[in-house]
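K.L.:
target16.cif is reproduced in full below (mmCIF, C-alpha atoms).
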```cif
data_upload
#
loop_
_atom_site.label_atom_id
_atom_site.label_comp_id
_atom_site.auth_asym_id
_atom_site.auth_seq_id
_atom_site.Cartn_x
_atom_site.Cartn_y
_atom_site.Cartn_z
CA MET A 1269 100.18 -109.31 19.68
CA PRO A 1270 100.03 -109.69 23.50
CA LEU A 1271 98.23 -106.97 25.45
CA ASP A 1272 100.48 -104.35 27.08
CA PRO A 1273 99.27 -103.99 30.71
CA ASP A 1274 100.46 -100.39 30.97
CA LEU A 1275 98.70 -99.34 27.79
CA ASN A 1276 95.58 -101.23 28.79
CA GLY A 1277 95.51 -99.44 32.16
CA LEU A 1278 96.02 -96.03 30.56
CA TYR A 1279 93.34 -96.81 28.00
CA SER A 1280 90.90 -97.83 30.76
CA LYS A 1281 91.53 -94.58 32.64
CA LEU A 1282 91.12 -92.54 29.47
CA MET A 1283 87.79 -94.22 28.71
CA ASN A 1284 86.75 -93.83 32.36
CA GLU A 1285 85.00 -97.19 32.32
CA GLU A 1286 85.62 -100.54 34.02
CA ASP A 1287 85.24 -102.46 30.77
CA ALA A 1288 87.44 -100.54 28.34
CA ARG A 1289 87.37 -103.41 25.85
CA VAL A 1290 84.10 -102.47 24.23
CA CYS A 1291 84.17 -103.88 20.70
CA LYS A 1292 81.37 -102.19 18.77
CA ASP A 1293 81.58 -102.18 14.97
CA ILE A 1294 85.04 -103.77 14.66
CA PRO A 1295 86.13 -107.37 13.83
CA ASP A 1296 86.14 -109.71 16.86
CA GLY A 1297 89.81 -110.50 16.34
CA ALA A 1298 90.74 -106.82 16.74
CA CYS A 1299 89.38 -106.48 20.28
CA THR A 1300 92.57 -107.57 22.02
CA ASP A 1301 94.71 -105.02 20.17
CA VAL A 1302 92.47 -101.98 20.70
CA PRO A 1303 94.60 -100.11 23.32
CA GLN A 1304 97.83 -100.44 21.31
CA ASN A 1305 96.13 -99.49 18.07
CA PHE A 1306 94.38 -96.56 19.74
CA PHE A 1307 97.58 -94.97 21.06
CA ARG A 1308 99.60 -95.69 17.93
CA GLN A 1309 97.04 -93.84 15.85
CA VAL A 1310 96.90 -91.01 18.39
CA LEU A 1311 100.67 -90.63 18.10
CA ALA A 1312 100.70 -90.79 14.29
CA ASN A 1313 97.84 -88.29 14.01
CA THR A 1314 99.51 -85.97 16.53
CA LEU A 1315 102.73 -85.93 14.52
CA THR A 1316 100.98 -85.20 11.22
CA SER A 1317 98.68 -82.59 12.80
CA LEU A 1318 101.70 -80.79 14.19
CA GLY A 1319 103.32 -80.95 10.77
CA ASP A 1320 100.16 -79.47 9.23
CA THR A 1321 100.36 -76.57 11.66
CA LEU A 1322 104.03 -75.90 10.98
CA THR A 1323 103.39 -75.84 7.20
CA ASN A 1324 100.07 -73.96 7.32
CA PRO A 1325 99.37 -72.27 3.94
CA LYS A 1326 97.80 -69.28 5.69
CA THR A 1327 100.99 -68.53 7.60
CA THR A 1328 104.22 -70.43 6.91
CA LEU A 1329 103.82 -71.09 3.17
CA ALA A 1330 102.37 -67.66 2.43
CA TRP A 1331 105.27 -66.04 4.27
CA LEU A 1332 107.74 -68.32 2.50
CA LEU A 1333 106.53 -67.23 -0.94
CA GLY A 1334 107.10 -63.66 0.12
CA VAL A 1335 110.60 -64.47 1.36
CA VAL A 1336 111.63 -66.09 -1.94
CA GLY A 1337 110.13 -63.19 -3.92
CA ALA A 1338 107.35 -65.15 -5.64
CA PRO A 1339 104.53 -63.23 -7.37
CA VAL A 1340 101.63 -62.29 -5.08
CA ALA A 1341 99.18 -64.02 -7.45
CA LEU A 1342 100.63 -67.42 -6.52
CA ILE A 1343 99.84 -66.90 -2.82
CA ALA A 1344 96.10 -66.94 -3.60
CA TRP A 1345 96.43 -70.58 -4.74
CA LEU A 1346 97.93 -71.93 -1.53
CA VAL A 1347 94.80 -72.59 0.54
CA PRO A 1348 92.58 -73.91 -2.31
CA ILE A 1349 95.29 -76.33 -3.48
CA ARG A 1350 96.14 -77.48 0.05
CA GLU A 1351 92.54 -78.17 1.06
CA SER A 1352 90.69 -79.00 -2.16
CA GLY A 1353 93.54 -80.89 -3.79
CA SER A 1354 93.36 -83.55 -1.10
CA MET A 1355 89.57 -83.83 -1.26
CA LEU A 1356 88.51 -83.68 -4.91
CA PRO A 1357 90.38 -86.83 -6.12
CA GLN A 1358 89.16 -89.02 -3.26
CA LEU A 1359 86.38 -90.59 -5.32
CA PHE A 1360 89.10 -92.06 -7.55
CA ILE A 1361 91.54 -92.75 -4.72
CA ALA A 1362 88.87 -94.73 -2.86
CA SER A 1363 88.62 -97.24 -5.71
CA TYR A 1364 92.37 -97.77 -5.56
CA VAL A 1365 92.36 -98.19 -1.78
CA ARG A 1366 89.48 -100.67 -1.89
CA ARG A 1367 91.59 -103.11 -3.94
CA PHE A 1368 93.64 -103.96 -0.87
CA PRO A 1369 92.33 -105.79 2.22
CA TYR A 1370 94.87 -103.88 4.36
CA ARG A 1371 94.73 -100.08 4.11
CA LYS A 1372 97.50 -98.96 6.46
CA GLY A 1373 100.04 -99.41 3.65
CA THR A 1374 98.20 -96.75 1.63
CA TRP A 1375 98.42 -94.37 4.59
CA ILE A 1376 102.15 -95.01 4.92
CA ILE A 1377 102.72 -94.32 1.21
CA GLY A 1378 100.73 -91.08 1.50
CA SER A 1379 102.71 -90.02 4.56
CA LEU A 1380 106.07 -90.66 2.88
CA LEU A 1381 104.95 -88.79 -0.26
CA GLN A 1382 104.03 -85.79 1.90
CA ALA A 1383 107.46 -85.94 3.51
CA ALA A 1384 109.13 -86.06 0.09
CA ALA A 1385 107.08 -83.08 -1.12
CA LEU A 1386 108.11 -81.03 1.91
CA LEU A 1387 111.78 -81.96 1.50
CA ALA A 1388 111.60 -80.84 -2.13
CA MET A 1389 109.87 -77.64 -1.03
CA GLY A 1390 112.65 -76.94 1.46
CA ALA A 1391 115.28 -77.47 -1.24
CA VAL A 1392 113.41 -75.08 -3.55
CA ALA A 1393 113.29 -72.43 -0.84
CA TRP A 1394 117.02 -72.76 -0.21
CA LEU A 1395 118.25 -72.96 -3.81
CA THR A 1396 115.88 -70.84 -5.94
CA GLU A 1397 113.98 -67.56 -5.81
CA GLY A 1398 111.41 -65.46 -7.66
CA THR A 1399 108.77 -66.87 -9.98
CA LEU A 1400 110.63 -70.16 -10.44
CA ALA A 1401 110.66 -70.76 -6.69
CA GLY A 1402 106.97 -69.91 -6.40
CA VAL A 1403 105.91 -72.22 -9.23
CA LEU A 1404 108.02 -75.11 -7.89
CA ILE A 1405 106.61 -74.68 -4.39
CA ILE A 1406 103.07 -74.77 -5.80
CA LEU A 1407 103.91 -77.98 -7.71
CA CYS A 1408 105.30 -79.53 -4.54
CA LEU A 1409 102.13 -78.49 -2.72
CA ILE A 1410 100.00 -80.26 -5.35
CA VAL A 1411 101.91 -83.52 -4.71
CA PHE A 1412 101.59 -82.96 -0.96
CA SER A 1413 97.84 -82.36 -1.22
CA LEU A 1414 97.18 -85.43 -3.35
CA ALA A 1415 99.15 -87.53 -0.86
CA ARG A 1416 96.96 -86.15 1.93
CA GLY A 1417 93.99 -87.57 0.05
CA LEU A 1418 95.51 -91.06 0.24
CA CYS A 1419 95.95 -90.72 4.00
CA SER A 1420 92.48 -89.30 4.52
CA VAL A 1421 90.67 -92.18 2.82
CA ALA A 1422 92.87 -94.90 4.34
CA SER A 1423 92.92 -93.53 7.90
CA LYS A 1424 89.14 -93.46 8.29
CA ASP A 1425 88.96 -97.11 7.23
CA VAL A 1426 91.83 -98.18 9.51
CA ILE A 1427 90.26 -96.40 12.48
CA GLY A 1428 86.94 -98.03 11.67
CA LYS A 1429 88.54 -101.49 11.77
CA THR A 1430 90.79 -101.05 14.81
CA VAL A 1431 89.03 -98.65 17.20
CA PRO A 1432 85.49 -99.42 18.45
CA LYS A 1433 82.47 -97.22 18.06
CA THR A 1434 82.11 -94.83 21.07
CA ARG A 1435 85.94 -94.58 21.20
CA ARG A 1436 86.76 -92.83 17.91
CA GLY A 1437 85.82 -89.36 19.01
CA ARG A 1438 88.29 -89.54 21.87
CA LEU A 1439 91.02 -90.67 19.47
CA ASN A 1440 90.45 -87.61 17.25
CA GLY A 1441 90.09 -85.32 20.24
CA LEU A 1442 93.23 -86.51 22.02
CA ALA A 1443 95.38 -86.21 18.88
CA THR A 1444 94.03 -82.71 18.20
CA SER A 1445 94.67 -81.62 21.79
CA LEU A 1446 98.25 -82.94 21.87
CA SER A 1447 99.16 -81.37 18.53
CA GLY A 1448 97.53 -78.13 19.68
CA TRP A 1449 99.76 -77.96 22.76
CA LEU A 1450 102.86 -78.65 20.70
CA ALA A 1451 101.85 -76.02 18.14
CA LEU A 1452 101.23 -73.58 20.97
CA ALA A 1453 104.79 -74.14 22.19
CA PHE A 1454 106.09 -73.42 18.70
CA GLY A 1455 104.00 -70.25 18.51
CA GLY A 1456 105.44 -69.11 21.84
CA TYR A 1457 108.95 -69.77 20.57
CA CYS A 1458 108.32 -67.63 17.49
CA LEU A 1459 106.96 -64.83 19.68
CA ILE A 1460 110.07 -64.83 21.87
CA TRP A 1461 112.62 -65.44 19.10
CA PRO A 1462 110.95 -64.30 15.87
CA PRO A 1463 112.80 -65.23 12.65
CA GLN A 1464 114.13 -62.50 10.38
CA ASP A 1465 111.93 -61.59 7.41
CA ASP A 1466 114.56 -62.83 4.95
CA ASP A 1467 115.69 -65.89 6.91
CA THR A 1468 115.33 -68.46 4.12
CA LEU A 1469 117.32 -71.03 6.09
CA PHE A 1470 114.79 -70.93 8.94
CA TYR A 1471 111.86 -71.73 6.65
CA ALA A 1472 113.77 -74.37 4.71
CA SER A 1473 114.76 -76.02 8.00
CA LEU A 1474 111.15 -75.82 9.20
CA LEU A 1475 109.98 -77.68 6.08
CA VAL A 1476 112.65 -80.35 6.49
CA GLY A 1477 111.76 -80.76 10.17
CA SER A 1478 108.09 -81.11 9.28
CA ALA A 1479 108.96 -83.76 6.68
CA LEU A 1480 110.65 -85.79 9.41
CA LEU A 1481 107.40 -85.71 11.41
CA TRP A 1482 105.62 -87.50 8.54
CA VAL A 1483 108.43 -90.07 8.27
CA LEU A 1484 108.18 -90.77 12.01
CA ALA A 1485 104.38 -90.99 11.73
CA ALA A 1486 104.74 -93.59 8.95
CA LEU A 1487 106.99 -95.70 11.20
CA VAL A 1488 104.44 -95.54 14.00
CA TYR A 1489 101.56 -96.38 11.68
CA ARG A 1490 103.42 -99.42 10.38
CA SER A 1491 103.08 -101.06 13.82
CA ILE A 1492 99.24 -100.93 13.81
CA ASP A 1493 97.58 -104.36 13.83
CA GLU A 1494 94.89 -104.19 11.13
CA SER A 1495 92.36 -106.85 10.19
CA PRO A 1496 91.63 -107.40 6.47
CA GLY A 1497 88.68 -105.48 5.03
CA ALA A 1498 86.28 -105.83 2.11
CA THR A 1499 87.77 -105.43 -1.37
CA ASP A 1500 84.58 -105.17 -3.42
CA GLY A 1501 84.24 -101.98 -5.46
CA GLY A 1502 87.92 -101.80 -6.32
CA GLY A 1503 87.50 -101.74 -10.07
CA ASN A 1504 87.89 -99.03 -12.70
CA GLY A 1505 88.43 -95.73 -10.88
CA LEU A 1506 86.33 -93.51 -13.16
CA ARG A 1507 83.43 -95.97 -13.41
CA GLU A 1508 83.40 -96.65 -9.68
CA ALA A 1509 83.64 -92.93 -8.90
CA ILE A 1510 80.63 -92.10 -11.06
CA GLY A 1511 78.74 -94.91 -9.40
CA ARG A 1512 79.53 -93.65 -5.91
CA ILE A 1513 78.27 -90.14 -6.67
CA SER A 1514 74.81 -91.74 -6.64
CA LEU A 1515 75.17 -91.95 -2.84
CA LEU A 1516 74.32 -88.25 -2.72
CA ARG A 1517 71.09 -88.98 -4.59
CA ASP A 1518 70.02 -92.29 -3.07
CA ASP A 1519 71.27 -92.14 0.55
CA LYS A 1520 69.15 -89.47 2.24
CA PRO A 1521 70.91 -89.43 5.68
CA PHE A 1522 74.31 -89.23 4.00
CA ARG A 1523 73.17 -86.46 1.64
CA ARG A 1524 71.86 -84.47 4.59
CA PHE A 1525 75.15 -84.94 6.42
CA VAL A 1526 77.15 -83.63 3.43
CA ILE A 1527 74.90 -80.55 3.15
CA THR A 1528 75.22 -79.95 6.89
CA ARG A 1529 78.99 -80.31 6.72
CA ALA A 1530 79.12 -77.82 3.84
CA LEU A 1531 77.13 -75.24 5.83
CA LEU A 1532 79.39 -75.77 8.85
CA LEU A 1533 82.41 -74.67 6.82
CA CYS A 1534 81.53 -71.25 8.24
CA SER A 1535 83.59 -72.01 11.36
CA ALA A 1536 86.73 -72.18 9.20
CA LEU A 1537 85.89 -69.56 6.58
CA SER A 1538 84.98 -66.87 9.11
CA ALA A 1539 88.34 -66.95 10.94
CA PRO A 1540 90.25 -64.59 8.58
CA TYR A 1541 87.59 -61.88 8.98
CA TYR A 1542 88.18 -61.68 12.72
CA VAL A 1543 91.86 -61.05 11.92
CA VAL A 1544 91.03 -58.40 9.28
CA LEU A 1545 88.76 -56.52 11.69
CA ALA A 1546 91.41 -56.66 14.42
CA GLN A 1547 94.05 -55.10 12.16
CA ASP A 1548 92.22 -51.77 12.37
CA LEU A 1549 92.80 -51.55 16.11
CA GLU A 1550 95.82 -49.85 17.62
CA ALA A 1551 96.80 -52.34 20.29
CA SER A 1552 99.63 -52.21 22.78
CA PHE A 1553 100.47 -55.91 22.32
CA GLY A 1554 101.32 -58.19 19.43
CA MET A 1555 97.89 -58.89 17.96
CA LEU A 1556 99.11 -61.66 15.64
CA GLY A 1557 100.84 -63.41 18.52
CA ALA A 1558 97.64 -63.17 20.55
CA PHE A 1559 95.72 -64.87 17.72
CA LEU A 1560 98.28 -67.69 17.50
CA VAL A 1561 98.12 -68.32 21.23
CA ALA A 1562 94.29 -68.13 21.24
CA ASN A 1563 93.99 -70.66 18.44
CA GLY A 1564 96.47 -73.08 20.02
CA LEU A 1565 94.79 -72.88 23.43
CA ALA A 1566 91.32 -73.38 21.97
CA SER A 1567 92.30 -76.57 20.18
CA SER A 1568 94.31 -77.94 23.09
CA LEU A 1569 91.72 -77.30 25.78
CA SER A 1570 88.56 -78.28 23.94
CA ALA A 1571 89.29 -81.12 21.51
CA MET A 1572 89.41 -83.89 24.12
CA VAL A 1573 86.16 -82.67 25.67
CA TRP A 1574 84.49 -82.56 22.25
CA GLY A 1575 85.85 -86.03 21.53
CA ARG A 1576 84.31 -87.53 24.67
CA MET A 1577 81.00 -85.82 23.88
CA SER A 1578 81.15 -87.07 20.28
CA ASP A 1579 81.34 -90.67 21.44
CA LYS A 1580 77.96 -90.10 23.10
CA SER A 1581 76.40 -88.00 20.31
CA SER A 1582 78.50 -86.52 17.49
CA ARG A 1583 75.27 -84.99 16.13
CA GLN A 1584 74.81 -82.96 19.31
CA VAL A 1585 78.45 -81.86 19.16
CA MET A 1586 78.01 -80.49 15.64
CA ILE A 1587 74.83 -78.67 16.70
CA ARG A 1588 76.36 -77.06 19.77
CA ALA A 1589 79.61 -76.10 18.07
CA ALA A 1590 77.76 -74.63 15.08
CA PHE A 1591 75.53 -72.53 17.33
CA ILE A 1592 78.60 -71.16 19.14
CA ALA A 1593 80.32 -70.23 15.87
CA SER A 1594 77.22 -68.70 14.25
CA LEU A 1595 76.06 -66.65 17.26
CA LEU A 1596 79.56 -65.38 18.00
CA GLY A 1597 79.82 -63.32 14.80
CA PRO A 1598 76.82 -61.01 15.35
CA LEU A 1599 77.79 -60.55 19.01
CA VAL A 1600 81.34 -59.48 18.14
CA ILE A 1601 80.14 -57.13 15.38
CA ALA A 1602 77.68 -55.49 17.80
CA LEU A 1603 80.31 -55.05 20.53
CA HIS A 1604 82.80 -53.67 18.03
CA SER A 1605 80.44 -51.36 16.12
CA PHE A 1606 78.81 -49.78 19.16
CA ALA A 1607 82.03 -49.63 21.24
CA VAL A 1608 80.27 -51.27 24.20
CA LEU A 1609 83.51 -52.33 25.87
CA PRO A 1610 85.88 -49.93 27.64
CA GLN A 1611 88.80 -48.77 25.50
CA GLY A 1612 91.26 -50.90 27.44
CA LEU A 1613 89.28 -54.07 26.72
CA GLN A 1614 88.33 -53.31 23.12
CA ALA A 1615 91.66 -54.59 21.77
CA TRP A 1616 91.13 -57.93 23.51
CA LEU A 1617 87.72 -58.47 21.91
CA PHE A 1618 89.01 -60.19 18.77
CA PRO A 1619 91.64 -62.50 20.31
CA VAL A 1620 89.04 -63.64 22.86
CA ALA A 1621 86.49 -64.13 20.08
CA PHE A 1622 89.11 -66.03 18.06
CA PHE A 1623 89.64 -68.31 21.06
CA ILE A 1624 85.90 -69.04 21.29
CA LEU A 1625 85.71 -69.57 17.52
CA GLY A 1626 88.63 -72.01 17.79
CA ILE A 1627 86.70 -74.00 20.39
CA ALA A 1628 83.67 -74.10 18.11
CA HIS A 1629 85.71 -75.08 15.06
CA SER A 1630 87.38 -77.87 17.00
CA GLY A 1631 83.92 -79.18 17.92
CA VAL A 1632 82.75 -79.05 14.31
CA ARG A 1633 85.82 -80.96 13.10
CA VAL A 1634 85.78 -83.65 15.81
CA GLY A 1635 82.00 -84.03 15.58
CA ARG A 1636 81.76 -84.45 11.82
CA LYS A 1637 84.79 -86.81 11.70
CA THR A 1638 83.26 -89.04 14.36
CA TYR A 1639 79.81 -88.85 12.76
CA VAL A 1640 80.91 -90.07 9.33
CA LEU A 1641 82.97 -92.86 10.92
CA ASP A 1642 80.05 -94.14 12.98
CA MET A 1643 77.29 -93.69 10.40
CA ALA A 1644 79.16 -95.84 7.85
CA GLY A 1645 79.58 -99.48 8.75
CA GLY A 1646 81.84 -101.97 7.00
CA SER A 1647 82.52 -101.41 3.30
CA LYS A 1648 80.51 -98.17 3.14
CA ARG A 1649 82.99 -96.24 5.25
CA THR A 1650 85.54 -95.64 2.48
CA ASP A 1651 82.79 -94.56 0.07
CA TYR A 1652 81.22 -92.13 2.55
CA VAL A 1653 84.54 -90.49 3.33
CA ALA A 1654 85.57 -90.23 -0.33
CA VAL A 1655 82.26 -88.84 -1.62
CA SER A 1656 81.81 -86.34 1.22
CA ASN A 1657 85.40 -85.08 1.01
CA SER A 1658 85.24 -84.73 -2.78
CA ALA A 1659 81.98 -82.77 -2.54
CA ILE A 1660 83.39 -80.48 0.16
CA GLY A 1661 86.57 -79.98 -1.87
CA LEU A 1662 84.51 -78.75 -4.82
CA ILE A 1663 82.56 -76.42 -2.54
CA LEU A 1664 85.79 -75.05 -1.06
CA LEU A 1665 87.01 -74.13 -4.52
CA ALA A 1666 83.72 -72.32 -5.14
CA THR A 1667 84.18 -70.28 -1.96
CA GLY A 1668 86.93 -68.39 -3.79
CA LEU A 1669 84.09 -66.30 -5.22
CA PHE A 1670 83.54 -64.99 -1.70
CA GLY A 1671 86.53 -62.75 -2.23
CA LEU A 1672 84.54 -60.74 -4.78
CA LEU A 1673 81.59 -60.46 -2.43
CA GLY A 1674 83.85 -59.41 0.43
CA SER A 1675 85.03 -56.37 -1.50
CA LEU A 1676 81.39 -55.20 -1.65
CA ILE A 1677 80.13 -55.85 1.90
CA GLY A 1678 83.40 -55.74 3.85
CA ALA A 1679 84.77 -57.99 6.59
CA ALA A 1680 81.90 -57.30 8.99
CA GLY A 1681 79.31 -58.12 6.33
CA MET A 1682 81.10 -61.34 5.44
CA LEU A 1683 81.23 -62.34 9.09
CA LEU A 1684 77.49 -61.81 9.44
CA LEU A 1685 76.80 -63.74 6.21
CA LEU A 1686 78.91 -66.70 7.29
CA SER A 1687 77.25 -66.65 10.72
CA GLY A 1688 73.86 -66.95 9.01
CA ILE A 1689 75.11 -69.89 6.94
CA GLY A 1690 76.41 -71.58 10.09
CA LEU A 1691 73.05 -71.08 11.79
CA LEU A 1692 71.36 -72.91 8.91
CA GLY A 1693 73.86 -75.73 9.35
CA ALA A 1694 73.09 -75.98 13.07
CA LEU A 1695 69.36 -76.14 12.38
CA LEU A 1696 69.79 -78.75 9.64
CA ALA A 1697 71.93 -80.88 11.98
CA PHE A 1698 68.84 -81.38 14.16
CA SER A 1699 67.38 -83.52 11.35
CA LEU A 1700 70.38 -85.87 11.22
CA PRO A 1701 69.84 -89.33 12.72
CA GLU A 1702 71.78 -90.34 15.82
CA VAL A 1703 74.57 -92.79 14.95
CA GLN A 1704 75.98 -93.57 18.41
CA GLN A 1705 72.87 -95.33 19.76
CA ASP A 1706 73.55 -98.83 18.42
#
```
Would you mind writing the file's structure down as structure tokens?
P.N.:
Amino acid sequence: MPLDPDLNGLYSKLMNEEDARVCKDIPDGACTDVPQNFFRQVLANTLTSLGDTLTNPKTTLAWLLGVVGAPVALIAWLVPIRESGSMLPQLFIASYVRRFPYRKGTWIIGSLLQAAALLAMGAVAWLTEGTLAGVLIILCLIVFSLARGLCSVASKDVIGKTVPKTRRGRLNGLATSLSGWLALAFGGYCLIWPPQDDDTLFYASLLVGSALLWVLAALVYRSIDESPGATDGGGNGLREAIGRISLLRDDKPFRRFVITRALLLCSALSAPYYVVLAQDLEASFGMLGAFLVANGLASSLSAMVWGRMSDKSSRQVMIRAAFIASLLGPLVIALHSFAVLPQGLQAWLFPVAFFILGIAHSGVRVGRKTYVLDMAGGSKRTDYVAVSNSAIGLILLATGLFGLLGSLIGAAGMLLLLSGIGLLGALLAFSLPEVQQD
């Protein structure tokens, strides 16, 4: 495909370098198409990231189950299914993906399956209610989550073949920033024109609209120019999966990365406890709205910066972001417990802290995504992504036991515990090898 001068110029400005056509760790034939492929993947990732925000299990789906009158017990399954369901099967999905020299088709199938699951979910919300509606929504979410696993494995490989090393962090950062701004606009809309508690049509329409985002993303992804990749290791799914688990035993740098990534889950797991602590305050403004705005701003303002830093050293990004997240918790607990701030500022403590936590979490996500992409060359990339995601998915399911511990030590105690875990992750990240030097 001929080079688009406008895209090439924009790409050069974004990279802030005279020679934007750096071609590290990608096939020689893909060098000419880098700018187009870069922006097409930014657009596709932006659309799906926005869709993820609009269908967040912590907000939209949890509220939807309440609107349709589903049992409260079903709400507890939303987050584990959404997150772990897309990670745990990836060892088996990777074997399927590796059978094909071109992986963008797998991503497109996963995207369309997610769209179909959301359309079905919208129909369920509109046509049914009670336990039946809740069970059907959960089943739709299982399909959605498994389809996310297809996209996760395929996208890392496609990025690895079409976007050079030292450019991938900026791709992830730019997509996260753009989707964050769009999500922020949606949050502002909901603050100004909040939907009624029983407005089933609003939530059904929101699910249908989100499904269209995945359809549009699939159309964009179809235009990516991808070089063929290795197809070895595409045999029996169970046998290949068992074989790949040995990576955790035999590959010391990879094993250390997976352990570090598991410890850095604190940046995500600690977020609800800031909200719980804030609910005890009598504030003169909409606290929930303040949290939505803080989270959207944090992602939008920081992700591109983290992405540029990750292209220089994704290891350093993980370290810095983890230190921010882990030191923030004890500071906030101290300020809250000892009432250090004036009464007028006390209510703003948690939204501001949530904003800082959002910056740190964005750094953790962009840093670890870029790290695993750049540490795995060639045919190893799919295996690294699948094994690490499956391991993290299993750990996420195990974190459900934290709910029992939280009832004993409270939200403040949980925040301090998770901060300590994050500090261990930051310290362990120092022992990771640099992967952006070559």
K.L.:
Report, in Å with one decimal, the straight-line distance from CA of Gly1678 in chain A to CA of Cys1534 in chain A.
P.N.:
16.2 Å
K.L.:
Using all atoms listed in the file, which of the listed residues (A:Val1431, A:Ala1479, A:Trp1449, A:Ala1443) sits closest to Ala1391 in chain A?
P.N.:
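Of A:Val1431, A:Ala1479, A:Trp1449, A:Ala1443, the one nearest Ala1391 in chain A, counting all atoms listed in the file, is A:Ala1479.
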K.L.:
If we count only C-alpha atoms and set the cut-off at 6 Å, which residues sit around Ala1589 in chain A, ignoring sequence neighbours fewer than 6 positions away in its own chain? Please answer as JSON, numbers by chain.
P.N.:
{"A": [1628, 1631, 1632]}
K.L.:
Include C-alpha atoms and write out the residues we just selected as an mmCIF file, keeping the file's coordinate frame.
P.N.:
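Wrote it out as selection.cif, contents follow:
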```cif
data_model
loop_
_atom_site.group_PDB
_atom_site.id
_atom_site.type_symbol
_atom_site.label_atom_id
_atom_site.label_comp_id
_atom_site.auth_asym_id
_atom_site.auth_seq_id
_atom_site.Cartn_x
_atom_site.Cartn_y
_atom_site.Cartn_z
ATOM 1 C CA ALA A 1628 83.670 -74.100 18.110
ATOM 2 C CA GLY A 1631 83.920 -79.180 17.920
ATOM 3 C CA VAL A 1632 82.750 -79.050 14.310
#
```
K.L.:
Just the number, please: distance in Å from CA of Ser1478 in chain A to CA of Arg1490 in chain A, one decimal.
P.N.:
18.9 Å
K.L.:
Go through A:Val1426, A:Val1561, A:Cys1419, A:Leu1386 one by one, measure the shortest atom-to-atom distance of each to Phe1306 in chain A using all atoms listed in the file, and give the residue with the smallest value.
P.N.:
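Checking each candidate against Phe1306 in chain A, we get A:Val1426 as the closest.
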K.L.:
Please list as a PyMOL selection string every residue within 10 Å of range 1600-1609 of chain A, counting all atoms listed in the file and excluding residues in the same chain fewer than 6 positions away.
P.N.:
chain A and resi 1542+1545-1546+1615-1618+1620-1621+1679-1681+1683-1684
K.L.:
What's the separation between CA of Leu1695 in chain A and CA of Val1655 in chain A, in Å to one decimal place?
P.N.:
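Between CA of Leu1695 in chain A and CA of Val1655 in chain A the gap works out to 22.9 Å.
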K.L.:
For Leu1532 in chain A, find every residue with an atom within 7 Å (counting all atoms listed in the file), except residues of its own chain fewer than 3 positions away, and show them as a PyMOL selection string.
P.N.:
chain A and resi 1528-1529+1535+1590+1690+1693
K.L.:
Rank nothing, just name the residue among A:Tyr1370, A:Trp1345, A:Leu1315, A:Leu1414 nearest to Gly1448 in chain A, using only C-alpha atoms.
P.N.:
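Result for the nearest residue to Gly1448 in chain A: A:Leu1315.
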K.L.:
Just say which residues the PyMOL selection byres ((chain A and resi 1576) around 12) picks in this file, as a ChimeraX atom specification.
P.N.:
/A:1282-1284,1433-1442,1570-1575,1577-1582,1584-1585,1631,1634-1635,1638
K.L.:
Mind listing whatever residues come within 12 Å of the point (107.4, -70.3, -9.8)? Use only C-alpha atoms, file coordinates, and give them as a PDB file with C-alpha atoms, keeping the file's coordinate frame.
P.N.:
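Written file, out-v4.pdb:
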```pdb
ATOM      1  CA  LEU A1333     106.530 -67.230  -0.940  1.00  0.00           C
ATOM      2  CA  GLY A1334     107.100 -63.660   0.120  1.00  0.00           C
ATOM      3  CA  VAL A1336     111.630 -66.090  -1.940  1.00  0.00           C
ATOM      4  CA  GLY A1337     110.130 -63.190  -3.920  1.00  0.00           C
ATOM      5  CA  ALA A1338     107.350 -65.150  -5.640  1.00  0.00           C
ATOM      6  CA  PRO A1339     104.530 -63.230  -7.370  1.00  0.00           C
ATOM      7  CA  VAL A1340     101.630 -62.290  -5.080  1.00  0.00           C
ATOM      8  CA  ALA A1341      99.180 -64.020  -7.450  1.00  0.00           C
ATOM      9  CA  LEU A1342     100.630 -67.420  -6.520  1.00  0.00           C
ATOM     10  CA  ILE A1343      99.840 -66.900  -2.820  1.00  0.00           C
ATOM     11  CA  MET A1389     109.870 -77.640  -1.030  1.00  0.00           C
ATOM     12  CA  VAL A1392     113.410 -75.080  -3.550  1.00  0.00           C
ATOM     13  CA  ALA A1393     113.290 -72.430  -0.840  1.00  0.00           C
ATOM     14  CA  THR A1396     115.880 -70.840  -5.940  1.00  0.00           C
ATOM     15  CA  GLU A1397     113.980 -67.560  -5.810  1.00  0.00           C
ATOM     16  CA  GLY A1398     111.410 -65.460  -7.660  1.00  0.00           C
ATOM     17  CA  THR A1399     108.770 -66.870  -9.980  1.00  0.00           C
ATOM     18  CA  LEU A1400     110.630 -70.160 -10.440  1.00  0.00           C
ATOM     19  CA  ALA A1401     110.660 -70.760  -6.690  1.00  0.00           C
ATOM     20  CA  GLY A1402     106.970 -69.910  -6.400  1.00  0.00           C
ATOM     21  CA  VAL A1403     105.910 -72.220  -9.230  1.00  0.00           C
ATOM     22  CA  LEU A1404     108.020 -75.110  -7.890  1.00  0.00           C
ATOM     23  CA  ILE A1405     106.610 -74.680  -4.390  1.00  0.00           C
ATOM     24  CA  ILE A1406     103.070 -74.770  -5.800  1.00  0.00           C
ATOM     25  CA  LEU A1407     103.910 -77.980  -7.710  1.00  0.00           C
ATOM     26  CA  CYS A1408     105.300 -79.530  -4.540  1.00  0.00           C
TER      27      CYS A1408
END
```
K.L.:
Rank A:Ile1677, A:Leu1641, A:Leu1346, A:Val1476 by their smallest atom-to-atom distance to Pro1432 in chain A, using all atoms listed in the file, and report the top residue only.
P.N.:
A:Leu1641
